[in-house]
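So this block is input10.txt, compact mmCIF, C-alpha atoms and all ligand atoms:
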# COMPACT_ATOMS: atom_id res chain seq x y z
CA MET A 14 245.63 -10.29 41.18
CA ILE A 15 241.88 -10.70 41.16
CA ALA A 16 241.70 -10.31 37.40
CA SER A 17 244.43 -12.89 36.73
CA ALA A 18 242.85 -15.36 39.18
CA ARG A 19 239.61 -15.04 37.25
CA LEU A 20 241.41 -15.52 33.97
CA ARG A 21 243.26 -18.75 34.72
CA PRO A 22 240.39 -21.31 34.67
CA PHE A 23 239.16 -20.01 31.30
CA VAL A 24 242.61 -20.10 29.70
CA ARG A 25 243.38 -23.60 31.03
CA THR A 26 240.05 -25.03 29.88
CA ALA A 27 240.36 -23.51 26.44
CA ARG A 28 243.90 -24.80 25.94
CA ALA A 29 243.24 -28.27 27.33
CA SER A 30 240.21 -28.96 25.17
CA ARG A 31 241.36 -27.01 22.09
CA HIS A 32 237.86 -25.66 21.93
CA VAL A 33 237.10 -22.13 20.94
CA PHE A 34 234.63 -20.05 22.87
CA THR A 35 232.21 -18.15 20.69
CA PRO A 36 229.29 -16.39 22.39
CA GLY A 37 225.97 -17.43 20.93
CA ILE A 38 227.33 -20.78 19.77
CA MET A 39 227.74 -23.53 22.34
CA VAL A 40 231.17 -24.94 21.49
CA ALA A 41 232.85 -25.44 18.15
CA THR A 42 236.02 -27.36 17.43
CA ARG A 43 238.76 -25.48 15.64
CA SER A 44 238.26 -27.41 12.42
CA GLN A 45 234.51 -26.73 12.52
CA GLN A 46 235.22 -23.07 13.03
CA LYS A 47 237.75 -23.03 10.19
CA ASN A 48 235.16 -24.55 7.86
CA LYS A 49 232.65 -21.93 8.91
CA LEU A 50 235.21 -19.17 8.33
CA ALA A 51 236.04 -20.52 4.89
CA MET A 52 232.34 -20.52 4.03
CA THR A 53 231.93 -16.97 5.31
CA ALA A 54 234.98 -15.86 3.34
CA SER A 55 233.64 -17.29 0.11
CA SER A 56 230.02 -16.18 0.60
CA THR A 57 230.54 -12.56 1.72
CA PRO A 58 232.31 -9.93 -0.33
CA PRO A 59 234.95 -7.70 1.31
CA ARG A 60 233.45 -4.49 2.75
CA GLU A 61 234.87 -0.98 3.15
CA MET A 62 233.03 -0.24 6.40
CA ARG A 63 233.16 -2.50 9.42
CA THR A 64 231.50 -1.78 12.79
CA PHE A 65 231.86 -4.09 15.75
CA LYS A 66 229.77 -3.94 18.91
CA ASP A 67 231.36 -6.87 20.75
CA VAL A 68 234.78 -8.44 21.06
CA ALA A 69 233.65 -11.86 19.77
CA SER A 70 232.70 -10.47 16.35
CA LEU A 71 236.00 -8.62 16.23
CA ILE A 72 237.83 -11.91 16.83
CA SER A 73 235.81 -13.57 14.05
CA PHE A 74 236.67 -10.77 11.66
CA LYS A 75 240.38 -10.97 12.53
CA GLU A 76 240.35 -14.68 11.73
CA LEU A 77 238.48 -14.02 8.49
CA ALA A 78 241.01 -11.36 7.44
CA ALA A 79 243.89 -13.68 8.37
CA LEU A 80 242.42 -16.37 6.13
CA LYS A 81 241.44 -14.04 3.28
CA PRO A 82 243.56 -10.87 3.43
CA GLU A 83 241.32 -8.99 0.94
CA HIS A 84 238.65 -8.75 3.68
CA GLY A 85 241.13 -6.76 5.78
CA THR A 86 242.74 -4.66 3.07
CA ALA A 87 239.31 -3.57 1.75
CA VAL A 88 238.42 -1.84 5.04
CA ILE A 89 238.73 1.95 5.06
CA GLN A 90 236.42 2.64 8.03
CA LEU A 91 236.76 0.52 11.14
CA ALA A 92 234.67 1.14 14.26
CA LEU A 93 234.72 -0.64 17.58
CA ILE A 94 232.05 0.60 19.97
CA VAL A 95 231.91 -1.75 22.91
CA ASP A 96 231.57 -2.24 26.67
CA ILE A 97 234.22 -4.66 27.91
CA SER A 98 234.91 -6.82 30.96
CA ALA A 99 238.37 -7.16 32.55
CA LEU A 100 238.89 -10.41 30.63
CA GLU A 101 237.93 -8.82 27.33
CA ARG A 102 240.29 -5.92 28.02
CA GLU A 103 243.28 -8.26 27.94
CA VAL A 104 241.94 -10.04 24.86
CA LEU A 105 241.40 -6.71 23.12
CA GLU A 106 244.86 -5.40 23.92
CA ARG A 107 246.38 -8.48 22.33
CA LEU A 108 243.95 -8.46 19.43
CA LEU A 109 244.15 -4.85 18.24
CA PRO A 110 247.76 -4.84 16.92
CA ALA A 111 247.08 -7.99 14.87
CA LEU A 112 243.74 -6.67 13.65
CA LEU A 113 245.10 -3.29 12.55
CA THR A 114 248.02 -4.99 10.81
CA LEU A 115 245.44 -6.86 8.74
CA THR A 116 243.57 -3.62 7.88
CA PRO A 117 246.41 -1.34 6.71
CA ASN A 118 244.23 0.88 4.48
CA ILE A 119 242.03 2.38 7.20
CA ILE A 120 241.21 6.06 6.75
CA ILE A 121 238.78 6.45 9.68
CA LEU A 122 239.29 4.57 12.94
CA THR A 123 236.73 4.69 15.76
CA LEU A 124 237.58 3.16 19.13
CA TRP A 125 234.99 3.87 21.82
CA VAL A 126 235.65 1.27 24.48
CA TYR A 127 234.08 1.37 27.96
CA PRO A 128 235.73 1.52 30.36
CA PRO A 129 238.39 3.29 28.24
CA ILE A 130 241.50 1.28 27.43
CA SER A 131 244.64 2.88 28.78
CA THR A 132 247.30 0.80 27.01
CA VAL A 133 247.66 1.51 23.32
CA SER A 134 249.27 -1.75 22.30
CA PHE A 135 248.74 -0.88 18.63
CA ALA A 136 250.45 2.53 18.69
CA ARG A 137 253.15 1.60 16.22
CA VAL A 138 251.14 -0.36 13.67
CA PRO A 139 251.68 1.48 10.36
CA LEU A 140 248.42 2.87 8.96
CA PRO A 141 249.68 5.05 6.11
CA SER A 142 246.22 6.24 5.00
CA LEU A 143 244.81 7.07 8.43
CA GLU A 144 243.22 10.53 8.54
CA VAL A 145 240.66 10.40 11.34
CA ILE A 146 240.65 8.90 14.81
CA ARG A 147 237.62 9.04 17.09
CA THR A 148 238.32 7.64 20.52
CA ASN A 149 237.84 7.87 24.27
CA ILE A 150 241.38 6.67 25.00
CA PRO A 151 242.91 8.96 27.68
CA HIS A 152 245.22 11.48 26.05
CA ARG A 153 248.45 10.37 27.69
CA ALA A 154 247.89 6.83 26.42
CA LEU A 155 246.88 8.11 22.99
CA ARG A 156 249.99 10.25 22.58
CA PRO A 157 252.34 7.63 21.02
CA PHE A 158 249.65 6.63 18.52
CA VAL A 159 249.12 10.22 17.37
CA ALA A 160 252.88 10.80 17.24
CA PHE A 161 253.37 7.71 15.06
CA HIS A 162 250.66 8.62 12.52
CA PRO A 163 251.57 11.91 10.83
CA THR A 164 248.82 11.50 8.22
CA LEU A 165 246.15 12.21 10.86
CA ARG A 166 244.02 15.21 9.91
CA ALA A 167 241.18 14.93 12.43
CA LEU A 168 241.11 14.13 16.14
CA ASP A 169 237.82 13.45 17.88
CA ILE A 170 238.71 12.77 21.50
CA ASP A 171 236.99 12.49 24.85
CA ALA A 172 238.07 13.02 28.47
CA CYS A 173 241.75 13.71 29.09
CA GLY A 174 242.18 11.13 31.88
CA ARG A 175 243.84 11.41 35.25
CA ALA A 176 247.13 12.96 34.16
CA ARG A 177 247.70 16.43 35.57
CA ARG A 178 248.75 17.73 32.19
CA CYS A 179 247.07 16.92 28.87
CA GLY A 180 249.13 14.14 27.30
CA LEU A 181 248.74 15.64 23.83
CA SER A 182 249.66 19.19 24.85
CA THR A 183 253.36 18.95 24.06
CA LEU A 184 252.90 17.03 20.83
CA ASN A 185 253.26 18.78 17.50
CA ILE A 186 249.87 18.22 15.84
CA HIS A 187 250.02 20.99 13.24
CA GLN A 188 248.84 18.62 10.52
CA VAL A 189 245.59 18.03 12.48
CA ASN A 190 243.25 20.77 11.29
CA ASP A 191 239.99 19.29 12.57
CA ILE A 192 239.72 18.91 16.36
CA SER A 193 236.82 17.80 18.52
CA CYS A 194 237.53 17.75 22.25
CA LEU A 195 236.47 18.90 25.72
CA VAL A 196 236.75 22.41 27.09
CA SER A 197 239.53 21.49 29.55
CA CYS A 198 241.96 20.38 26.80
CA VAL A 199 241.16 22.76 23.98
CA PRO A 200 243.48 25.68 24.93
CA LYS A 201 246.43 23.25 24.89
CA LEU A 202 245.56 21.63 21.57
CA VAL A 203 244.63 24.46 19.22
CA HIS A 204 247.19 25.86 16.81
CA LYS A 205 247.16 28.39 13.99
CA ASP A 206 246.24 25.88 11.28
CA VAL A 207 243.02 24.55 12.84
CA GLU A 208 240.13 24.94 10.38
CA ARG A 209 237.32 23.07 12.14
CA LEU A 210 236.77 22.92 15.88
CA ARG A 211 234.11 21.37 18.08
CA VAL A 212 234.32 21.85 21.85
CA ALA A 213 232.06 20.31 24.48
CA LEU A 214 231.67 21.39 28.08
CA ASP A 215 232.72 18.84 30.71
CA ASP A 216 231.56 18.36 34.29
CA THR A 217 233.71 21.22 35.61
CA ASP A 218 232.52 24.81 35.94
CA VAL A 219 234.83 26.08 33.19
CA LEU A 220 232.96 28.50 30.92
CA MET A 221 233.49 28.13 27.19
CA SER A 222 234.40 31.82 26.92
CA ALA A 223 237.14 31.35 29.55
CA ALA A 224 238.62 28.41 27.64
CA ILE A 225 238.58 30.32 24.35
CA SER A 226 240.14 33.37 26.04
CA ALA A 227 242.98 31.07 27.14
CA PHE A 228 243.89 30.17 23.54
CA PRO A 229 247.58 30.98 22.99
CA ILE A 230 246.82 32.54 19.59
CA SER A 231 243.89 33.72 17.49
CA LEU A 232 242.68 31.12 15.03
CA HIS A 233 242.47 33.01 11.75
CA ARG A 234 242.06 29.91 9.61
CA LEU A 235 239.17 28.51 11.60
CA HIS A 236 235.96 28.58 9.59
CA VAL A 237 233.68 26.00 11.26
CA LEU A 238 233.07 26.20 15.00
CA THR A 239 230.64 24.25 17.19
CA VAL A 240 230.67 24.93 20.93
CA ASP A 241 228.59 24.17 23.97
CA PHE A 242 227.76 27.18 26.09
CA ALA A 243 226.18 27.81 29.49
CA ALA A 244 223.22 30.21 29.69
CA ASN A 245 225.22 32.57 31.94
CA ASP A 246 228.22 32.72 29.58
CA LYS A 247 227.54 36.35 28.70
CA THR A 248 230.65 37.04 26.63
CA ILE A 249 230.73 33.86 24.56
CA LEU A 250 230.05 35.49 21.18
CA ARG A 251 232.39 38.43 21.80
CA VAL A 252 235.22 36.09 22.77
CA ILE A 253 234.59 33.95 19.67
CA ALA A 254 234.64 37.04 17.44
CA THR A 255 237.92 38.19 18.98
CA ASN A 256 239.73 34.87 18.83
CA MET A 257 238.24 33.33 15.68
CA PRO A 258 237.28 36.23 13.43
CA GLY A 259 237.14 34.22 10.19
CA ILE A 260 234.33 31.87 11.14
CA ARG A 261 231.80 31.18 8.40
CA ASN A 262 229.78 28.51 10.15
CA LEU A 263 228.95 28.89 13.86
CA LYS A 264 226.90 26.58 16.05
CA LEU A 265 226.15 27.35 19.71
CA LEU A 266 224.59 24.56 21.78
CA GLU A 267 223.31 25.41 25.27
CA ARG A 268 224.14 22.59 27.67
CA CYS A 269 223.59 23.58 31.27
CA LYS A 270 220.17 23.72 32.80
CA ALA A 271 218.78 27.20 33.25
CA ASN A 272 215.34 28.69 33.68
CA ARG A 273 213.59 29.43 30.40
CA HIS A 274 213.47 33.14 31.26
CA ALA A 275 216.99 33.44 32.68
CA ALA A 276 219.25 35.87 30.83
CA ARG A 277 221.09 34.44 27.84
CA PRO A 278 224.15 35.86 26.05
CA TRP A 279 221.86 37.62 23.51
CA THR A 280 219.91 39.43 26.27
CA ASP A 281 222.56 42.12 25.91
CA ALA A 282 221.38 42.85 22.37
CA THR A 283 223.92 45.62 21.73
CA GLY A 284 226.91 43.44 22.64
CA TRP A 285 225.48 40.45 20.76
CA CYS A 286 224.86 42.43 17.57
CA ALA A 287 228.29 44.07 17.74
CA ALA A 288 229.96 40.66 18.06
CA LEU A 289 227.96 39.30 15.11
CA LYS A 290 229.09 42.24 13.02
CA LYS A 291 232.69 41.59 13.99
CA LEU A 292 232.38 38.13 12.49
CA SER A 293 232.75 39.63 9.06
CA GLN A 294 232.73 36.33 7.15
CA LEU A 295 229.89 34.66 9.02
CA ASP A 296 227.55 32.83 6.66
CA GLN A 297 225.46 30.69 8.99
CA LEU A 298 224.53 30.86 12.69
CA VAL A 299 222.78 28.00 14.47
CA VAL A 300 221.74 28.26 18.13
CA ARG A 301 220.08 25.69 20.36
CA THR A 302 218.71 26.88 23.70
CA ASN A 303 216.29 25.99 26.46
CA GLY A 304 215.38 29.67 26.67
CA VAL A 305 213.30 31.94 24.44
CA LEU A 306 214.19 34.89 22.25
CA SER A 307 211.11 36.95 23.06
CA THR A 308 207.61 36.36 24.38
CA PRO A 309 206.60 32.93 23.01
CA ASP A 310 204.49 33.19 19.85
CA ASP A 311 205.16 36.92 19.50
CA ARG A 312 206.45 36.70 15.94
CA LYS A 313 206.54 40.45 15.54
CA ALA A 314 208.88 40.89 18.52
CA GLU A 315 211.04 38.06 17.24
CA ARG A 316 211.15 39.56 13.75
CA GLU A 317 212.40 42.85 15.22
CA LEU A 318 215.02 41.03 17.25
CA PHE A 319 216.31 39.12 14.22
CA HIS A 320 216.38 42.34 12.28
CA ARG A 321 218.78 43.75 14.89
CA TRP A 322 220.88 40.58 14.78
CA VAL A 323 221.42 40.89 11.05
CA GLY A 324 222.49 44.49 11.36
CA GLY A 325 219.37 46.66 11.20
CA LYS A 326 219.80 49.29 8.50
CA GLN A 327 223.41 48.34 7.87
CA LEU A 328 222.91 44.70 7.01
CA HIS A 329 225.60 42.15 7.83
CA SER A 330 227.45 41.68 4.56
CA THR A 331 227.86 37.91 4.62
CA LEU A 332 225.29 36.44 7.00
CA ARG A 333 222.78 34.41 5.00
CA TYR A 334 221.06 32.04 7.40
CA ILE A 335 220.13 31.90 11.11
CA ALA A 336 218.35 29.07 12.90
CA VAL A 337 217.41 29.11 16.58
CA TRP A 338 215.82 26.15 18.32
CA GLN A 339 214.05 27.65 21.35
CA ARG A 340 212.71 25.73 24.37
CA TYR A 341 214.68 22.71 23.17
CA ASN A 342 214.07 20.72 26.37
CA ASP A 343 210.34 21.37 26.54
CA ARG A 344 208.07 18.37 26.29
CA ASP A 345 206.75 19.62 22.92
CA ARG A 346 210.37 20.35 21.79
CA GLY A 347 209.68 24.09 21.47
CA VAL A 348 210.00 25.92 18.18
CA ILE A 349 212.65 26.40 15.51
CA SER A 350 212.92 29.87 14.03
CA GLU A 351 214.76 30.10 10.74
CA TRP A 352 215.81 33.25 8.97
CA SER A 353 217.24 33.19 5.50
CA ARG A 354 218.27 35.87 3.09
CA GLU A 355 217.28 35.73 -0.54
CA ASP A 356 217.88 38.60 -2.96
CA GLY A 357 218.75 40.84 -0.04
CA ASN A 358 215.50 40.19 1.82
CA TRP A 359 215.25 38.26 5.06
CA LYS A 360 212.43 35.76 5.34
CA GLY A 361 211.30 33.94 8.49
CA LYS A 362 209.99 30.42 8.94
CA TRP A 363 208.82 28.77 12.14
CA THR A 364 208.51 25.06 12.91
CA GLU A 365 206.51 24.20 16.03
CA ALA A 366 207.23 20.98 17.97
CA PRO A 367 210.07 20.01 15.61
CA VAL A 368 211.21 16.43 15.15
CA ALA A 369 214.93 16.25 15.90
CA SER A 370 215.69 13.88 13.02
CA GLY A 371 214.56 16.55 10.55
CA PHE A 372 217.05 19.07 11.94
CA ALA A 373 220.45 17.38 12.05
CA MET A 374 222.11 20.79 11.86
CA PHE A 375 221.43 21.18 15.61
CA ASP A 376 223.47 18.06 16.57
ZN ZN B 401 243.84 16.24 27.13

Rewrite the structure from the file as structure tokens, please.
Ligand SMILES: [Zn+2]
Amino acid sequence: MIASARLRPFVRTARASRHVFTPGIMVATRSQQKNKLAMTASSTPPREMRTFKDVASLISFKELAALKPEHGTAVIQLALIVDISALEREVLERLLPALLTLTPNIIILTLWVYPPISTVSFARVPLPSLEVIRTNIPHRALRPFVAFHPTLRALDIDACGRARRCGLSTLNIHQVNDISCLVSCVPKLVHKDVERLRVALDDTDVLMSAAISAFPISLHRLHVLTVDFAANDKTILRVIATNMPGIRNLKLLERCKANRHAARPWTDATGWCAALKKLSQLDQLVVRTNGVLSTPDDRKAERELFHRWVGGKQLHSTLRYIAVWQRYNDRDRGVISEWSREDGNWKGKWTEAPVASGFAMFD
């Protein structure tokens, strides 16, 4: 009621005066705006990537694509990353079906709208090339969209929403082999054909190892895994090795706050090394932690530890590279230890006070 009462004066004024509201511009008549659109259409070439950070620019683009369809059909990546008001929510829900109809060749669609939209008005717009959706739409609302787009190969989704059961859990998503989601949904979404998986912790106390243990099957085709872990998640690597034995690329990102000297999963060196060995196709291991591997600056102790990680006398047959960012949250950003194997020999390299932009592999 409150929202519609707030809406009415705006709608009436706009209709009565036939003026179009465009933020940043005082008021333009429709013919003035049409002229401006025509000029934009003739002066700017169509682009494959379009990112919008406010609803007004999305409206302008929709009008441009309506006038000159090649501006819409050229788009293969469309991103809307925006905070919206209640008024804009209604505008957006009406706008999205028309907009997506004008951009039928999208391959990657990003919709991060705050607060999240819960009505997917565009669920049935055909997007025959769509492969990737990144969105914070609650899963129950997202369900019809995913069901209607069988070409989807990658899902990058956020919080499940208020539904008691994950809205995507009963959907057949076997064609989706790349999933990025939160720990609470992952056991219900994984299937035997998943090849890439990224799982973040949420604000519950669920441990990553508990979620992975709840997988209905082992993921033998999975080869790239990125997971958050809590410092006290002692069995994380063992559980990964049991449930996803074919991993080649593993990234472990510590999320929860813990004392620098608190025990980490690798404190049990025997269990850690055994789990690494069990990952018989592992090529690369990346770890980010607020803790330390040994006494800070004791390179000799660290060298010995790494030597155990890679198998001691019986070297791991596939492991080729390890990187550990220690004391990640320290003011000086800690240190990155890298170990790489060349011609059978392991060599170490240390970077003090690293700059994050130089080490995207830790994202
Ligand atoms: Zn869910």

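Restricting the calculation to all atoms listed in the file, the smallest distance between ligand ZN 401 (chain B) and any of A:Arg153, A:Val237, A:Leu109, A:Leu184 is found for A:Arg153.
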
Inset, instruction - Using all atoms listed in the file, find all polymer residues with an atom at most 9 Å away from the point (245.2, 17.4, 26.9); report them as JSON, numbers by chain. - result: {"A": [151, 152, 153, 172, 173, 174, 176, 178, 179, 180, 181, 182, 183, 194, 195, 197, 198, 199, 200, 201, 202]}

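One finds CA of Val299 in chain A at 13.5 Å from CA of Val348 in chain A.
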
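Contact shell of Glu267 in chain A at 8 Å (all atoms listed in the file; same-chain neighbours under 4 positions omitted): Asp241, Phe242, Ala243, Ala244, Val300, Arg301, Thr302 and Asn303 of chain A.
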
Residues of the last selection are to be written out with C-alpha atoms, as a PDB file, in the coordinates of the input.
ATOM      1  CA  ASP A 241     228.590  24.170  23.970  1.00  0.00           C
ATOM      2  CA  PHE A 242     227.760  27.180  26.090  1.00  0.00           C
ATOM      3  CA  ALA A 243     226.180  27.810  29.490  1.00  0.00           C
ATOM      4  CA  ALA A 244     223.220  30.210  29.690  1.00  0.00           C
ATOM      5  CA  VAL A 300     221.740  28.260  18.130  1.00  0.00           C
ATOM      6  CA  ARG A 301     220.080  25.690  20.360  1.00  0.00           C
ATOM      7  CA  THR A 302     218.710  26.880  23.700  1.00  0.00           C
ATOM      8  CA  ASN A 303     216.290  25.990  26.460  1.00  0.00           C
TER       9      ASN A 303
END

Legend entry - Residue contacts of Ile230 in chain A (10 Å, all atoms listed in the file) excluding same-chain residues fewer than 2 positions away, as an MDAnalysis selection string: chainID A and resid 200 203:205 225:228 232:233 256:257

Inset, instruction - Could you give me, as a PyMOL selection string, the residues within 8 Å of Pro163 in chain A, counting all atoms listed in the file and dropping anything in the same chain fewer than 3 positions from it? - result: chain A and resi 159-160+188

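Closest approach to Glu106 in chain A among A:Asn245, A:Thr132, A:Ser55, A:Ser73: A:Thr132, based on only C-alpha atoms.
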
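If you count all atoms listed in the file and ignore residues fewer than 6 places along the chain from range 333-342 of chain A, what sits within 9 Å of it is Arg273, Leu295, Asp296, Gln297, Leu298, Val299, Val300, Arg301, Thr302, Asn303, Gly304, Val305, Leu306, Phe319, Val323, Val348, Ile349, Ser350, Glu351, Trp352, Ser353, Arg354, Glu355, Trp359, Pro367 and Phe375 of chain A.
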
Same residues, C-alpha atoms, output as a JSON list (two decimals), in the frame of the given file:
[["chain", "number", "residue", "atom", "x", "y", "z"],
["A", 273, "ARG", "CA", 213.59, 29.43, 30.40],
["A", 295, "LEU", "CA", 229.89, 34.66, 9.02],
["A", 296, "ASP", "CA", 227.55, 32.83, 6.66],
["A", 297, "GLN", "CA", 225.46, 30.69, 8.99],
["A", 298, "LEU", "CA", 224.53, 30.86, 12.69],
["A", 299, "VAL", "CA", 222.78, 28.00, 14.47],
["A", 300, "VAL", "CA", 221.74, 28.26, 18.13],
["A", 301, "ARG", "CA", 220.08, 25.69, 20.36],
["A", 302, "THR", "CA", 218.71, 26.88, 23.70],
["A", 303, "ASN", "CA", 216.29, 25.99, 26.46],
["A", 304, "GLY", "CA", 215.38, 29.67, 26.67],
["A", 305, "VAL", "CA", 213.30, 31.94, 24.44],
["A", 306, "LEU", "CA", 214.19, 34.89, 22.25],
["A", 319, "PHE", "CA", 216.31, 39.12, 14.22],
["A", 323, "VAL", "CA", 221.42, 40.89, 11.05],
["A", 348, "VAL", "CA", 210.00, 25.92, 18.18],
["A", 349, "ILE", "CA", 212.65, 26.40, 15.51],
["A", 350, "SER", "CA", 212.92, 29.87, 14.03],
["A", 351, "GLU", "CA", 214.76, 30.10, 10.74],
["A", 352, "TRP", "CA", 215.81, 33.25, 8.97],
["A", 353, "SER", "CA", 217.24, 33.19, 5.50],
["A", 354, "ARG", "CA", 218.27, 35.87, 3.09],
["A", 355, "GLU", "CA", 217.28, 35.73, -0.54],
["A", 359, "TRP", "CA", 215.25, 38.26, 5.06],
["A", 367, "PRO", "CA", 210.07, 20.01, 15.61],
["A", 375, "PHE", "CA", 221.43, 21.18, 15.61]]

Inset, instruction - Write out as a list of chain:residue names which residues come within 9 Å of Ile146 in chain A when counting all atoms listed in the file, dropping same-chain ones fewer than 4 positions away. - result: A:Ile120, A:Ile121, A:Leu122, A:Thr123, A:Leu124, A:Val159, A:Leu165, A:Arg166, A:Ala167, A:Leu168, A:Asp169, A:Ile170

Inset, instruction - Please measure the separation of CA of Cys269 in chain A and CA of Asn149 in chain A, giving the value in Å to one decimal. - result: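 CA of Cys269 in chain A sits 22.3 Å away from CA of Asn149 in chain A.
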
Legend entry - Counting all atoms listed in the file, the residue of A:Ala287, A:Ile192, A:Ile260, A:Leu332 that sits nearest ligand ZN 401 (chain B):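 For ligand ZN 401 (chain B), the nearest of the candidates is A:Ile192.
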
Legend entry - Distance in Å - CA of Pro117 in chain A versus atom ZN of ligand ZN 401 (chain B):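 Interatomic distance here is 27.1 Å.
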
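Counting all atoms listed in the file and comparing A:Val189, A:Thr114, A:Asn48, A:Leu155, the residue that lies closest to ligand ZN 401 (chain B) is A:Leu155.
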
Draw an axis-aligned box over all listed atoms of range 255-274 of chain A, pad each side with 6 Å, and write its centre and edge lengths in Å, one decimal, as AutoDock Vina command-line options.
--center_x 226.6 --center_y 30.4 --center_z 21.0 --size_x 38.3 --size_y 27.6 --size_z 37.3

Inset, instruction - Would you mind telling me which residue in A:Glu208, A:Glu83, A:Asp215, A:Glu103 lies nearest to ligand ZN 401 (chain B) when using only C-alpha atoms and all ligand atoms? - result: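 Nearest candidate to ligand ZN 401 (chain B) out of A:Glu208, A:Glu83, A:Asp215, A:Glu103: A:Asp215.
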
Inset, instruction - Please identify all polymer residues lying at most 9 Å from the point (241.0, 24.9, 7.1) (file coordinates), using all atoms listed in the file, and present the result as a ChimeraX atom specification. - result: /A:190-191,206-209,234-237

Legend entry - Given all atoms listed in the file as the counted atoms, nearest of A:Ser293, A:Ile130, A:Ala154, A:Asp96 to ligand ZN 401 (chain B):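 Nearest candidate to ligand ZN 401 (chain B) out of A:Ser293, A:Ile130, A:Ala154, A:Asp96: A:Ala154.
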